[in-house]
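run.cif follows; it contains mmCIF, C-alpha atoms.
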data_query
#
loop_
_atom_site.label_atom_id
_atom_site.label_comp_id
_atom_site.auth_asym_id
_atom_site.auth_seq_id
_atom_site.Cartn_x
_atom_site.Cartn_y
_atom_site.Cartn_z
CA MET R 880 101.10 83.05 132.36
CA PRO R 881 98.31 80.42 132.63
CA LYS R 882 96.00 80.21 129.65
CA THR R 883 93.07 82.60 130.01
CA LYS R 884 89.65 81.02 130.29
CA PHE R 885 87.48 81.64 127.24
CA LYS R 886 84.49 83.90 127.66
CA ALA R 887 82.20 84.44 124.69
CA ARG R 888 81.52 88.13 124.20
CA ARG R 889 79.40 90.38 122.04
CA LEU R 890 81.64 92.16 119.55
CA ALA R 891 81.03 94.79 116.87
CA PHE R 892 83.20 95.70 113.90
CA ILE R 893 82.77 99.15 112.43
CA GLY R 894 83.75 98.54 108.83
CA ALA R 895 82.99 95.36 106.86
CA GLY R 896 85.92 95.69 104.49
CA TYR R 897 88.72 93.16 104.17
CA VAL R 898 90.02 93.45 107.75
CA GLY R 899 86.62 93.75 109.39
CA LEU R 900 85.01 90.93 107.43
CA VAL R 901 87.87 88.46 107.89
CA SER R 902 88.55 89.32 111.54
CA GLY R 903 84.89 89.45 112.52
CA THR R 904 84.15 86.13 110.83
CA ALA R 905 87.15 84.46 112.46
CA LEU R 906 86.14 85.73 115.91
CA ALA R 907 82.63 84.40 115.34
CA GLU R 908 84.19 81.08 114.36
CA ILE R 909 85.91 80.78 117.74
CA GLY R 910 82.65 81.40 119.58
CA HIS R 911 81.91 85.11 119.91
CA THR R 912 78.74 86.86 118.72
CA VAL R 913 79.83 89.39 116.11
CA ILE R 914 77.91 92.13 114.34
CA LEU R 915 79.54 93.78 111.32
CA VAL R 916 78.54 97.40 110.69
CA ASP R 917 79.04 99.20 107.39
CA ASN R 918 77.33 102.25 105.87
CA ASN R 919 77.52 100.70 102.39
CA LYS R 920 73.95 99.46 102.01
CA GLU R 921 74.70 97.45 98.89
CA LYS R 922 77.57 95.61 100.59
CA ILE R 923 75.50 94.75 103.67
CA ALA R 924 72.59 93.59 101.50
CA LYS R 925 74.93 91.24 99.61
CA LEU R 926 76.48 89.92 102.81
CA LYS R 927 73.02 89.16 104.18
CA LYS R 928 72.39 87.11 101.03
CA GLY R 929 75.65 85.22 101.52
CA GLU R 930 77.47 87.07 98.72
CA ILE R 931 81.09 87.85 99.61
CA PRO R 932 82.44 91.08 98.06
CA ILE R 933 86.07 89.91 98.02
CA PHE R 934 87.87 86.72 97.00
CA GLU R 935 89.58 85.11 99.98
CA PRO R 936 89.99 81.32 100.17
CA GLY R 937 87.71 79.77 102.79
CA LEU R 938 85.96 83.00 103.73
CA GLU R 939 82.61 82.40 102.01
CA ASP R 940 82.07 79.04 103.70
CA LEU R 941 83.04 80.44 107.10
CA VAL R 942 80.67 83.40 106.75
CA LYS R 943 77.74 81.16 105.83
CA LYS R 944 78.54 78.74 108.66
CA ASN R 945 78.57 81.46 111.33
CA VAL R 946 75.54 83.30 109.97
CA LYS R 947 73.64 80.01 110.17
CA ALA R 948 74.89 79.51 113.74
CA LYS R 949 73.66 83.05 114.53
CA ARG R 950 77.09 84.14 115.69
CA LEU R 951 77.57 86.54 112.77
CA SER R 952 75.24 89.26 111.50
CA PHE R 953 75.34 92.45 109.44
CA THR R 954 73.81 95.90 109.75
CA THR R 955 74.08 99.45 108.43
CA SER R 956 73.13 100.85 111.85
CA LEU R 957 76.14 101.87 113.91
CA PRO R 958 73.98 102.63 116.99
CA ASP R 959 72.60 99.08 116.89
CA GLY R 960 76.09 97.63 116.61
CA VAL R 961 77.42 99.70 119.50
CA LYS R 962 74.49 99.11 121.83
CA GLN R 963 74.52 95.34 121.24
CA SER R 964 78.25 94.97 121.91
CA GLU R 965 80.73 95.06 124.76
CA VAL R 966 83.81 95.48 122.58
CA ILE R 967 83.86 97.59 119.42
CA PHE R 968 86.58 97.17 116.82
CA ILE R 969 87.23 100.11 114.50
CA ALA R 970 88.18 98.53 111.16
CA VAL R 971 87.53 101.36 108.74
CA HIS R 972 89.56 102.41 105.72
CA THR R 973 92.64 104.62 106.32
CA PRO R 974 93.55 105.58 102.73
CA PRO R 975 96.77 107.43 101.91
CA GLN R 976 96.61 111.15 101.22
CA ALA R 977 98.72 112.96 98.63
CA ASP R 978 101.47 113.58 101.21
CA GLY R 979 101.61 109.91 102.23
CA LYS R 980 99.86 110.44 105.56
CA ALA R 981 96.92 108.22 106.44
CA ASP R 982 93.48 109.77 106.16
CA LEU R 983 92.04 109.24 109.64
CA SER R 984 88.68 110.90 109.03
CA PHE R 985 86.85 107.54 109.05
CA VAL R 986 88.51 106.57 112.33
CA ALA R 987 87.60 109.92 113.87
CA GLY R 988 84.04 109.63 112.60
CA ALA R 989 83.64 106.13 114.04
CA ALA R 990 85.03 107.22 117.41
CA ARG R 991 82.61 110.14 117.57
CA GLU R 992 79.58 108.02 116.67
CA ILE R 993 80.54 105.39 119.24
CA ALA R 994 80.80 108.10 121.91
CA GLU R 995 77.44 109.60 121.00
CA VAL R 996 75.45 106.36 121.30
CA ALA R 997 77.29 104.30 123.94
CA ASP R 998 75.36 104.02 127.18
CA ASN R 999 77.62 101.72 129.24
CA TYR R 1000 81.27 100.68 129.52
CA LYS R 1001 82.92 99.88 126.19
CA VAL R 1002 86.29 98.70 125.01
CA VAL R 1003 87.10 100.49 121.74
CA VAL R 1004 89.74 98.68 119.71
CA ASP R 1005 91.71 100.25 116.87
CA LYS R 1006 91.99 97.42 114.32
CA SER R 1007 92.67 99.70 111.37
CA THR R 1008 96.30 100.43 110.58
CA VAL R 1009 96.85 103.84 112.13
CA PRO R 1010 99.82 106.11 112.92
CA VAL R 1011 101.35 106.07 116.36
CA GLN R 1012 99.49 108.36 118.79
CA THR R 1013 96.12 107.71 117.11
CA GLY R 1014 94.90 105.94 120.25
CA GLU R 1015 95.30 109.18 122.16
CA ARG R 1016 93.19 111.01 119.59
CA VAL R 1017 90.50 108.31 119.66
CA ALA R 1018 90.34 108.54 123.46
CA GLU R 1019 90.12 112.35 123.30
CA THR R 1020 87.32 112.15 120.73
CA ILE R 1021 85.29 109.66 122.76
CA ALA R 1022 85.73 111.74 125.92
CA ARG R 1023 84.68 114.91 124.07
CA TYR R 1024 81.48 113.54 122.53
CA ASN R 1025 80.53 111.12 125.27
CA LYS R 1026 77.81 113.28 126.88
CA LYS R 1027 76.67 110.47 129.21
CA GLY R 1028 80.09 110.21 130.84
CA ILE R 1029 80.36 106.46 130.34
CA ASP R 1030 83.59 104.65 131.16
CA PHE R 1031 85.66 103.27 128.28
CA ASP R 1032 89.09 101.91 127.33
CA VAL R 1033 90.94 102.36 124.04
CA VAL R 1034 93.06 99.45 122.81
CA SER R 1035 95.36 98.98 119.81
CA ASN R 1036 95.14 95.52 118.21
CA PRO R 1037 96.93 95.57 114.83
CA GLU R 1038 96.15 92.91 112.25
CA PHE R 1039 98.73 90.82 110.41
CA LEU R 1040 96.60 89.25 107.70
CA ARG R 1041 98.04 88.23 104.34
CA GLU R 1042 95.60 88.28 101.47
CA GLY R 1043 95.16 84.75 100.17
CA SER R 1044 95.77 83.13 103.57
CA ALA R 1045 93.96 85.50 105.92
CA ILE R 1046 91.71 82.99 107.66
CA ASP R 1047 94.63 80.76 108.57
CA ASP R 1048 96.71 83.79 109.55
CA PHE R 1049 94.02 84.82 112.04
CA LEU R 1050 93.19 81.42 113.51
CA ASN R 1051 96.83 80.28 113.57
CA SER R 1052 98.52 83.58 114.32
CA ASP R 1053 102.27 84.08 114.70
CA ARG R 1054 101.40 86.46 117.51
CA ILE R 1055 98.57 88.55 118.90
CA VAL R 1056 99.54 92.12 119.76
CA VAL R 1057 97.43 94.29 122.03
CA GLY R 1058 98.30 97.73 123.29
CA VAL R 1059 96.50 98.63 126.51
CA GLU R 1060 96.72 101.17 129.30
CA ASN R 1061 95.30 99.06 132.15
CA LYS R 1062 94.77 95.48 133.35
CA ARG R 1063 90.99 95.68 132.87
CA ALA R 1064 91.31 96.08 129.09
CA GLU R 1065 94.10 93.49 128.96
CA LYS R 1066 91.91 90.90 130.70
CA ILE R 1067 89.07 91.42 128.22
CA MET R 1068 91.38 91.17 125.22
CA ARG R 1069 92.96 88.00 126.60
CA GLU R 1070 89.52 86.47 127.01
CA ILE R 1071 88.57 87.36 123.43
CA TYR R 1072 91.62 85.63 121.96
CA ALA R 1073 91.84 82.76 124.49
CA PRO R 1074 90.91 79.99 121.97
CA ILE R 1075 93.79 80.96 119.66
CA ASP R 1076 97.09 79.31 120.58
CA ALA R 1077 99.60 82.07 119.84
CA PRO R 1078 102.04 84.28 121.75
CA PHE R 1079 100.04 87.11 123.35
CA ILE R 1080 102.13 90.28 123.35
CA VAL R 1081 100.96 93.09 125.62
CA THR R 1082 102.39 96.58 125.11
CA ASP R 1083 101.34 100.15 125.65
CA VAL R 1084 99.05 101.57 122.96
CA LYS R 1085 101.73 103.58 121.13
CA SER R 1086 104.09 100.63 120.86
CA ALA R 1087 101.34 98.41 119.42
CA GLU R 1088 100.56 101.06 116.81
CA LEU R 1089 104.21 101.19 115.78
CA ILE R 1090 104.57 97.41 115.56
CA LYS R 1091 102.26 97.20 112.54
CA HIS R 1092 104.01 99.90 110.50
CA ALA R 1093 107.43 98.62 111.55
CA SER R 1094 106.59 95.04 110.56
CA ASN R 1095 105.20 95.83 107.12
CA SER R 1096 107.96 98.32 106.35
CA PHE R 1097 110.63 95.80 107.30
CA LEU R 1098 109.10 93.14 105.04
CA ALA R 1099 108.86 95.65 102.19
CA MET R 1100 112.53 96.47 102.80
CA LYS R 1101 113.45 92.78 102.38
CA ILE R 1102 111.63 92.65 99.04
CA SER R 1103 113.33 95.82 97.83
CA PHE R 1104 116.70 94.51 99.03
CA ALA R 1105 116.16 91.36 96.97
CA ASN R 1106 115.27 93.46 93.92
CA ALA R 1107 118.32 95.69 94.35
CA LEU R 1108 120.43 92.57 94.76
CA ALA R 1109 118.88 91.10 91.61
CA ARG R 1110 120.14 94.09 89.66
CA ILE R 1111 123.67 93.51 91.01
CA CYS R 1112 123.36 89.86 89.97
CA GLU R 1113 122.39 90.81 86.43
CA LEU R 1114 125.26 93.27 86.12
CA SER R 1115 127.81 90.82 87.51
CA GLY R 1116 126.55 87.55 86.03
CA ALA R 1117 125.54 86.05 89.37
CA ASN R 1118 122.26 84.21 90.06
CA ILE R 1119 119.75 85.78 92.46
CA ASP R 1120 118.18 82.42 93.34
CA GLN R 1121 121.50 81.06 94.56
CA VAL R 1122 122.40 84.25 96.38
CA VAL R 1123 119.15 84.50 98.36
CA GLU R 1124 119.25 80.78 99.12
CA GLY R 1125 122.67 81.28 100.68
CA MET R 1126 121.35 84.28 102.60
CA GLY R 1127 118.04 82.79 103.64
CA ASP R 1128 119.57 79.71 105.24
CA ASP R 1129 121.05 82.04 107.84
CA HIS R 1130 118.45 81.85 110.63
CA ARG R 1131 119.06 85.51 111.43
CA ILE R 1132 117.81 86.46 107.95
CA GLY R 1133 115.42 83.71 106.85
CA PRO R 1134 114.16 82.99 103.30
CA HIS R 1135 110.83 84.81 103.43
CA PHE R 1136 110.26 87.99 101.39
CA LEU R 1137 113.58 87.66 99.58
CA GLN R 1138 112.03 86.86 96.20
CA ALA R 1139 113.10 89.22 93.42
CA GLY R 1140 110.53 90.25 90.83
CA VAL R 1141 108.41 93.16 89.65
CA GLY R 1142 108.03 94.63 93.13
CA TYR R 1143 105.47 94.60 95.91
CA GLY R 1144 101.92 95.89 95.61
CA GLY R 1145 98.62 95.49 97.42
CA SER R 1146 96.90 97.66 99.98
CA CYS R 1147 99.38 97.28 102.85
CA PHE R 1148 103.04 97.61 101.90
CA PRO R 1149 102.84 100.69 99.64
CA LYS R 1150 100.45 102.49 102.00
CA ASP R 1151 102.25 101.53 105.20
CA VAL R 1152 105.74 102.38 103.96
CA SER R 1153 104.53 105.76 102.75
CA ALA R 1154 102.66 106.37 106.00
CA PHE R 1155 105.65 105.37 108.14
CA ILE R 1156 107.85 107.85 106.28
CA ALA R 1157 105.25 110.55 106.96
CA ILE R 1158 104.96 109.51 110.62
CA ALA R 1159 108.72 109.76 111.05
CA ASP R 1160 108.77 113.17 109.34
CA GLU R 1161 106.12 114.48 111.73
CA LEU R 1162 108.15 113.22 114.68
CA GLY R 1163 111.28 114.90 113.34
CA TYR R 1164 113.13 111.94 111.81
CA LYS R 1165 113.98 111.62 108.10
CA PHE R 1166 113.46 107.94 107.31
CA ASP R 1167 115.71 107.88 104.22
CA LEU R 1168 116.05 104.10 104.39
CA LEU R 1169 112.34 103.67 103.66
CA LYS R 1170 112.45 106.30 100.93
CA ALA R 1171 115.04 104.12 99.22
CA VAL R 1172 112.76 101.09 99.67
CA GLU R 1173 110.00 102.93 97.79
CA GLN R 1174 112.37 103.93 95.00
CA VAL R 1175 113.78 100.43 94.54
CA ASN R 1176 110.24 99.09 94.35
CA ALA R 1177 109.33 101.57 91.63
CA ASP R 1178 112.55 100.75 89.77
CA ALA R 1179 111.77 97.00 89.81
CA CYS R 1180 108.70 97.53 87.66
CA ASP R 1181 110.57 99.91 85.33
CA LEU R 1182 113.37 97.35 84.87
CA PHE R 1183 110.80 94.69 83.98
CA LEU R 1184 109.38 96.98 81.33
CA GLU R 1185 112.89 97.44 79.96
CA LYS R 1186 113.22 93.64 79.72
CA ILE R 1187 110.02 93.50 77.67
CA LYS R 1188 111.28 96.23 75.36
CA GLU R 1189 114.67 94.53 75.01
CA ALA R 1190 113.05 91.18 74.21
CA LEU R 1191 110.64 92.59 71.61
CA TRP R 1192 112.82 95.48 70.33
CA VAL R 1193 109.68 97.41 69.28
CA THR R 1194 106.51 97.06 71.35
CA ARG R 1195 104.24 99.19 69.15
CA GLY R 1196 101.85 96.96 67.24
CA LYS R 1197 102.87 93.88 69.20
CA LYS R 1198 100.40 91.58 70.93
CA ILE R 1199 101.49 90.55 74.41
CA ALA R 1200 100.04 87.75 76.54
CA MET R 1201 99.96 88.55 80.26
CA TRP R 1202 99.50 85.88 82.92
CA GLY R 1203 98.34 87.50 86.14
CA LEU R 1204 96.74 90.81 87.08
CA ALA R 1205 96.22 90.67 90.87
CA PHE R 1206 99.10 91.99 92.98
CA LYS R 1207 99.66 88.46 94.36
CA PRO R 1208 98.10 84.98 93.95
CA ASN R 1209 94.99 83.81 95.83
CA THR R 1210 93.35 87.23 95.79
CA ASP R 1211 91.40 89.43 93.40
CA ASP R 1212 92.96 92.59 94.84
CA MET R 1213 94.23 95.07 92.25
CA ARG R 1214 95.30 97.81 94.66
CA ASN R 1215 98.80 99.00 93.68
CA ALA R 1216 99.25 95.87 91.57
CA PRO R 1217 102.41 95.98 89.41
CA SER R 1218 100.25 94.89 86.48
CA ILE R 1219 98.65 98.36 86.42
CA LYS R 1220 101.91 100.17 85.71
CA ILE R 1221 102.96 97.50 83.21
CA VAL R 1222 99.66 97.60 81.30
CA GLU R 1223 99.53 101.38 81.21
CA ALA R 1224 103.12 101.63 79.93
CA LEU R 1225 102.66 98.99 77.23
CA ASN R 1226 99.31 100.46 76.25
CA ALA R 1227 100.91 103.89 75.85
CA GLN R 1228 103.59 102.32 73.64
CA GLY R 1229 100.95 100.94 71.29
CA ALA R 1230 100.98 97.29 72.36
CA THR R 1231 97.89 95.11 72.73
CA ILE R 1232 97.64 93.13 75.98
CA GLN R 1233 95.73 89.85 76.24
CA ALA R 1234 95.51 89.15 79.97
CA TYR R 1235 94.29 86.27 82.06
CA ASP R 1236 93.91 86.05 85.83
CA PRO R 1237 92.05 83.25 87.65
CA GLU R 1238 90.21 85.64 90.00
CA ALA R 1239 90.99 89.32 89.35
CA THR R 1240 89.28 89.95 86.00
CA ASP R 1241 86.28 91.80 87.42
CA THR R 1242 88.35 93.99 89.76
CA ALA R 1243 90.89 94.61 87.00
CA LYS R 1244 88.16 95.89 84.69
CA LEU R 1245 87.32 98.57 87.25
CA VAL R 1246 90.96 99.74 87.26
CA LEU R 1247 92.18 99.14 83.71
CA GLY R 1248 89.00 99.38 81.69
CA ASP R 1249 89.55 98.67 78.00
CA LYS R 1250 93.35 98.92 78.16
CA VAL R 1251 93.36 95.11 78.31
CA GLU R 1252 91.63 92.32 76.44
CA TYR R 1253 90.42 90.03 79.23
CA MET R 1254 90.77 86.38 78.28
CA SER R 1255 88.90 83.37 79.68
CA SER R 1256 91.93 81.10 80.08
CA LYS R 1257 95.70 81.19 80.10
CA ASP R 1258 95.75 79.43 76.71
CA ALA R 1259 93.35 81.98 75.19
CA ALA R 1260 95.72 84.75 76.25
CA LEU R 1261 98.56 83.14 74.27
CA ARG R 1262 96.89 82.97 70.86
CA ASP R 1263 98.83 84.94 68.23
CA ALA R 1264 100.81 86.77 70.93
CA ASP R 1265 104.37 87.89 70.25
CA ALA R 1266 105.49 87.18 73.81
CA LEU R 1267 104.26 85.95 77.18
CA ILE R 1268 104.90 87.98 80.33
CA ILE R 1269 104.38 86.56 83.85
CA VAL R 1270 103.18 89.12 86.39
CA THR R 1271 101.46 87.08 89.14
CA ASP R 1272 102.72 83.70 90.34
CA TRP R 1273 99.45 81.76 90.53
CA ASP R 1274 99.80 77.98 91.03
CA GLU R 1275 97.92 77.55 87.75
CA PHE R 1276 100.93 78.98 85.92
CA LYS R 1277 103.61 76.81 87.54
CA LYS R 1278 103.45 73.80 85.23
CA PRO R 1279 101.89 74.78 81.90
CA ASP R 1280 101.87 72.59 78.82
CA TRP R 1281 104.96 74.14 77.25
CA GLU R 1282 104.42 72.40 73.92
CA LYS R 1283 101.01 74.06 73.68
CA VAL R 1284 102.45 77.41 74.80
CA HIS R 1285 105.08 77.19 72.07
CA LYS R 1286 102.45 76.45 69.41
CA LEU R 1287 100.07 79.22 70.47
CA LEU R 1288 102.67 82.00 70.64
CA ASN R 1289 103.80 83.72 67.46
CA SER R 1290 107.26 83.93 68.97
CA PRO R 1291 108.56 81.66 71.77
CA ILE R 1292 109.47 84.58 74.05
CA VAL R 1293 108.76 84.46 77.80
CA ILE R 1294 109.54 87.37 80.14
CA ASP R 1295 109.08 86.09 83.68
CA GLY R 1296 108.62 88.73 86.38
CA ARG R 1297 108.29 86.14 89.16
CA ASN R 1298 111.16 83.73 88.35
CA MET R 1299 108.74 80.80 88.14
CA TYR R 1300 110.82 78.74 85.71
CA GLN R 1301 114.43 77.62 85.31
CA PRO R 1302 116.42 79.29 82.52
CA LYS R 1303 118.22 76.12 81.34
CA GLU R 1304 114.99 74.13 81.18
CA MET R 1305 113.26 76.90 79.23
CA GLU R 1306 116.17 77.07 76.80
CA LYS R 1307 115.94 73.30 76.22
CA LEU R 1308 112.24 73.69 75.49
CA GLY R 1309 113.06 76.19 72.76
CA PHE R 1310 112.09 79.44 74.45
CA VAL R 1311 113.86 82.77 74.58
CA TYR R 1312 113.56 83.24 78.32
CA HIS R 1313 114.11 86.38 80.39
CA SER R 1314 113.83 86.48 84.18
CA VAL R 1315 114.96 88.69 87.08
CA GLY R 1316 118.48 88.67 88.51
CA ARG R 1317 119.81 85.54 86.85
CA GLY R 1318 122.88 86.88 85.08
#

So, in terms of structure tokens, how does the structure I just supplied come out?
Amino acid sequence: MPKTKFKARRLAFIGAGYVGLVSGTALAEIGHTVILVDNNKEKIAKLKKGEIPIFEPGLEDLVKKNVKAKRLSFTTSLPDGVKQSEVIFIAVHTPPQADGKADLSFVAGAAREIAEVADNYKVVVDKSTVPVQTGERVAETIARYNKKGIDFDVVSNPEFLREGSAIDDFLNSDRIVVGVENKRAEKIMREIYAPIDAPFIVTDVKSAELIKHASNSFLAMKISFANALARICELSGANIDQVVEGMGDDHRIGPHFLQAGVGYGGSCFPKDVSAFIAIADELGYKFDLLKAVEQVNADACDLFLEKIKEALWVTRGKKIAMWGLAFKPNTDDMRNAPSIKIVEALNAQGATIQAYDPEATDTAKLVLGDKVEYMSSKDAALRDADALIIVTDWDEFKKPDWEKVHKLLNSPIVIDGRNMYQPKEMEKLGFVYHSVGRG
């Protein structure tokens, strides 16, 4: 299909969280006029001052650039956002409930408010990660509360942003997925994304909704497979690095997401796997494969704790240096971070944790409170510690001064949950080194 001609449009994002802020800013960057709406007055006030509430490389500069160019603005008024825009993206939070199902109350609320204030044709786009068949419910809600009888289309446009590289992921996408029910909505969505050179996949709404959950669940499954395989390697004396290298060179498998460690975390994989299991249950299918993925992920963290206990024998009264708190590098996100479970377990055992993270200290304090001593540098975390544990694979940790590390630690013990270093090299440097899945 010939490349669609670009047409700058007026867009609104309901929700200025991670997805809304990154996506809205990126769409402003390619030429659209974007207004971000959020009912959190403090957040909007900070954004208007140029203060970014999350750490994401490149985001702050891009926000300031587009605000200055008057392509990006912020408001707490949903009616203003809706009335000023042709296309409205719903990018609100869909937190997990106790049963694993996504809480769609924010989506429903946004749909109702859009319906109540819209006075001309709108395209309403589900950008939040939602269960299959949500588009139908959004359309029903808009039709029910749309007293003026305006015309509208509902579209599914799932996001595939990785924290730490989200700007690049958006502007240099692997693919753009849109679920539509007619050519009118498809044409508008093609125009919106025309400047981005990526495969444009058009499906029905339900299929687009499933693509997001299916993608994240499959990637989580690869991580859990690598962690299960790591356990087999440890029990048999094999080396997980060599095994996954041999697997990953098969183009049908690929090397990505086959890194063994302490398990996945963050806001997407745990929530989406749990939600997909619940979605399948509601539809009448028992997704036992994904239940096993969840269990293996939980076990990975437990096995790492066992390594710490094995290395130290007794953890009570011990001082432990921890490098990394965020669930992955290049973010300050602590949601479902493996460090939480590790800290809480060690804390309960009577250990003292001296932790350092380049970006996540402030967010970690909100989650872990005084269960951790927060250090100003990776060297400060090492002082008088009985062991060093690696939880997040920040670049800053890849090539430390090992002579200094050896001097600062009480005992030269390193328990590496991310397999950042080579066992033979660590042994030569005089360390007692434990890693994951290396015999």

If the PyMOL selection byres ((chain R and resi 1092-1095) around 12) were run on this exact file, what residues would it hold? Put them as a PyMOL selection string.
chain R and resi 981+1007-1011+1037-1041+1056+1085-1091+1096-1102+1136+1143-1159+1166+1169+1172

Selection file, C-alpha atoms, as a short mmCIF file (atom, residue, chain, number, x, y, z; two decimals), in the coordinates of the input:
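And here is the file that came out, result.cif:
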data_model
loop_
_atom_site.label_atom_id
_atom_site.label_comp_id
_atom_site.auth_asym_id
_atom_site.auth_seq_id
_atom_site.Cartn_x
_atom_site.Cartn_y
_atom_site.Cartn_z
CA ALA R 981 96.92 108.22 106.44
CA SER R 1007 92.67 99.70 111.37
CA THR R 1008 96.30 100.43 110.58
CA VAL R 1009 96.85 103.84 112.13
CA PRO R 1010 99.82 106.11 112.92
CA VAL R 1011 101.35 106.07 116.36
CA PRO R 1037 96.93 95.57 114.83
CA GLU R 1038 96.15 92.91 112.25
CA PHE R 1039 98.73 90.82 110.41
CA LEU R 1040 96.60 89.25 107.70
CA ARG R 1041 98.04 88.23 104.34
CA VAL R 1056 99.54 92.12 119.76
CA LYS R 1085 101.73 103.58 121.13
CA SER R 1086 104.09 100.63 120.86
CA ALA R 1087 101.34 98.41 119.42
CA GLU R 1088 100.56 101.06 116.81
CA LEU R 1089 104.21 101.19 115.78
CA ILE R 1090 104.57 97.41 115.56
CA LYS R 1091 102.26 97.20 112.54
CA SER R 1096 107.96 98.32 106.35
CA PHE R 1097 110.63 95.80 107.30
CA LEU R 1098 109.10 93.14 105.04
CA ALA R 1099 108.86 95.65 102.19
CA MET R 1100 112.53 96.47 102.80
CA LYS R 1101 113.45 92.78 102.38
CA ILE R 1102 111.63 92.65 99.04
CA PHE R 1136 110.26 87.99 101.39
CA TYR R 1143 105.47 94.60 95.91
CA GLY R 1144 101.92 95.89 95.61
CA GLY R 1145 98.62 95.49 97.42
CA SER R 1146 96.90 97.66 99.98
CA CYS R 1147 99.38 97.28 102.85
CA PHE R 1148 103.04 97.61 101.90
CA PRO R 1149 102.84 100.69 99.64
CA LYS R 1150 100.45 102.49 102.00
CA ASP R 1151 102.25 101.53 105.20
CA VAL R 1152 105.74 102.38 103.96
CA SER R 1153 104.53 105.76 102.75
CA ALA R 1154 102.66 106.37 106.00
CA PHE R 1155 105.65 105.37 108.14
CA ILE R 1156 107.85 107.85 106.28
CA ALA R 1157 105.25 110.55 106.96
CA ILE R 1158 104.96 109.51 110.62
CA ALA R 1159 108.72 109.76 111.05
CA PHE R 1166 113.46 107.94 107.31
CA LEU R 1169 112.34 103.67 103.66
CA VAL R 1172 112.76 101.09 99.67
#

For atom CA of Pro1074 of chain R and atom CA of Asp1047 of chain R, the interatomic separation in Å (one decimal):
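Taking atom CA of Pro1074 of chain R as the start and atom CA of Asp1047 of chain R as the end point, the length is 13.9 Å.
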
Find the residues near Arg1023 of chain R: any atom within 12 Å, counting all atoms listed in the file, skip ones fewer than 4 places away on the same chain, and give them as a PyMOL selection string.
chain R and resi 987+990-995+1016-1019+1027-1029

Please return as a list in words every residue within 9 Å of (90.7, 79.1, 82.7), taking into account only C-alpha atoms and the file's own coordinates.
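Residues satisfying the cut-off, written out: Tyr1235, Asp1236, Pro1237, Met1254, Ser1255, Ser1256, Lys1257, Asp1258, Ala1259 and Glu1275 of chain R.
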
Restricted to C-alpha atoms, what would the selected residues look like written as a CSV table (one decimal), in the coordinates of the input?
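The file below, part-v5.csv, is the result:
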chain,number,residue,atom,x,y,z
R,1235,TYR,CA,94.3,86.3,82.1
R,1236,ASP,CA,93.9,86.0,85.8
R,1237,PRO,CA,92.0,83.2,87.6
R,1254,MET,CA,90.8,86.4,78.3
R,1255,SER,CA,88.9,83.4,79.7
R,1256,SER,CA,91.9,81.1,80.1
R,1257,LYS,CA,95.7,81.2,80.1
R,1258,ASP,CA,95.8,79.4,76.7
R,1259,ALA,CA,93.4,82.0,75.2
R,1275,GLU,CA,97.9,77.6,87.8

Run the PyMOL selection byres ((chain R and resi 909-920) around 10) on the file and write out the hits as a ChimeraX atom specification.
/R:885-896,899-900,902-908,921-926,945-946,948-961,963-964,966-971,1050,1071-1075

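Between atom CA of Lys1278 of chain R and atom CA of Glu1238 of chain R lies a distance of 18.4 Å.
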
If you apply the PyMOL selection byres ((chain R and resi 1297) around 9) to this file, what residues do you get, as a ChimeraX atom specification?
/R:1138-1141,1269-1272,1295-1296,1298-1300,1314-1315

Can I get the selection written as a compact mmCIF listing (two decimals), in the coordinates of the input, with C-alpha atoms?
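Full text of part18.txt as output:
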# COMPACT_ATOMS: atom_id res chain seq x y z
CA GLN R 1138 112.03 86.86 96.20
CA ALA R 1139 113.10 89.22 93.42
CA GLY R 1140 110.53 90.25 90.83
CA VAL R 1141 108.41 93.16 89.65
CA ILE R 1269 104.38 86.56 83.85
CA VAL R 1270 103.18 89.12 86.39
CA THR R 1271 101.46 87.08 89.14
CA ASP R 1272 102.72 83.70 90.34
CA ASP R 1295 109.08 86.09 83.68
CA GLY R 1296 108.62 88.73 86.38
CA ASN R 1298 111.16 83.73 88.35
CA MET R 1299 108.74 80.80 88.14
CA TYR R 1300 110.82 78.74 85.71
CA SER R 1314 113.83 86.48 84.18
CA VAL R 1315 114.96 88.69 87.08

Two-atom distance - atom CA of Ala1107 of chain R, atom CA of Ala1224 of chain R (Å):
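Result for atom CA of Ala1107 of chain R versus atom CA of Ala1224 of chain R: 21.8 Å, one decimal.
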
Nearest residue to His972 of chain R out of R:Lys944, R:Tyr897, R:Asp1076, R:Asp1181, using all atoms listed in the file?
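Using all atoms listed in the file, the shortest distance to His972 of chain R belongs to R:Tyr897.
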
What's around Asn1226 of chain R at 9 Å? Count all atoms listed in the file, leave out sequence neighbours fewer than 6 positions away in its own chain, and write the answer as number ranges by chain.
R: 1195, 1232, 1250-1251

Restricted to C-alpha atoms, what would the selected residues look like written as a compact mmCIF listing (two decimals), keeping the file's coordinate frame?
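Output contents, as saved in again.txt:
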# COMPACT_ATOMS: atom_id res chain seq x y z
CA ARG R 1195 104.24 99.19 69.15
CA ILE R 1232 97.64 93.13 75.98
CA LYS R 1250 93.35 98.92 78.16
CA VAL R 1251 93.36 95.11 78.31

Extract, using all atoms listed in the file, all DNA, RNA and protein residues at most 12 Å from Lys1066 of chain R, discarding same-chain residues fewer than 4 positions from it, and format them as a PyMOL selection string.
chain R and resi 882-886+1002+1032+1034+1057-1062+1070-1073+1079+1081

Using all atoms listed in the file, can you tell me which of R:Asn1106, R:Gly1316, R:Asn1289, R:Val1246 comes closest to Gln1174 of chain R?
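Checking each of R:Asn1106, R:Gly1316, R:Asn1289, R:Val1246 against Gln1174 of chain R, counting all atoms listed in the file, the winner is R:Asn1106.
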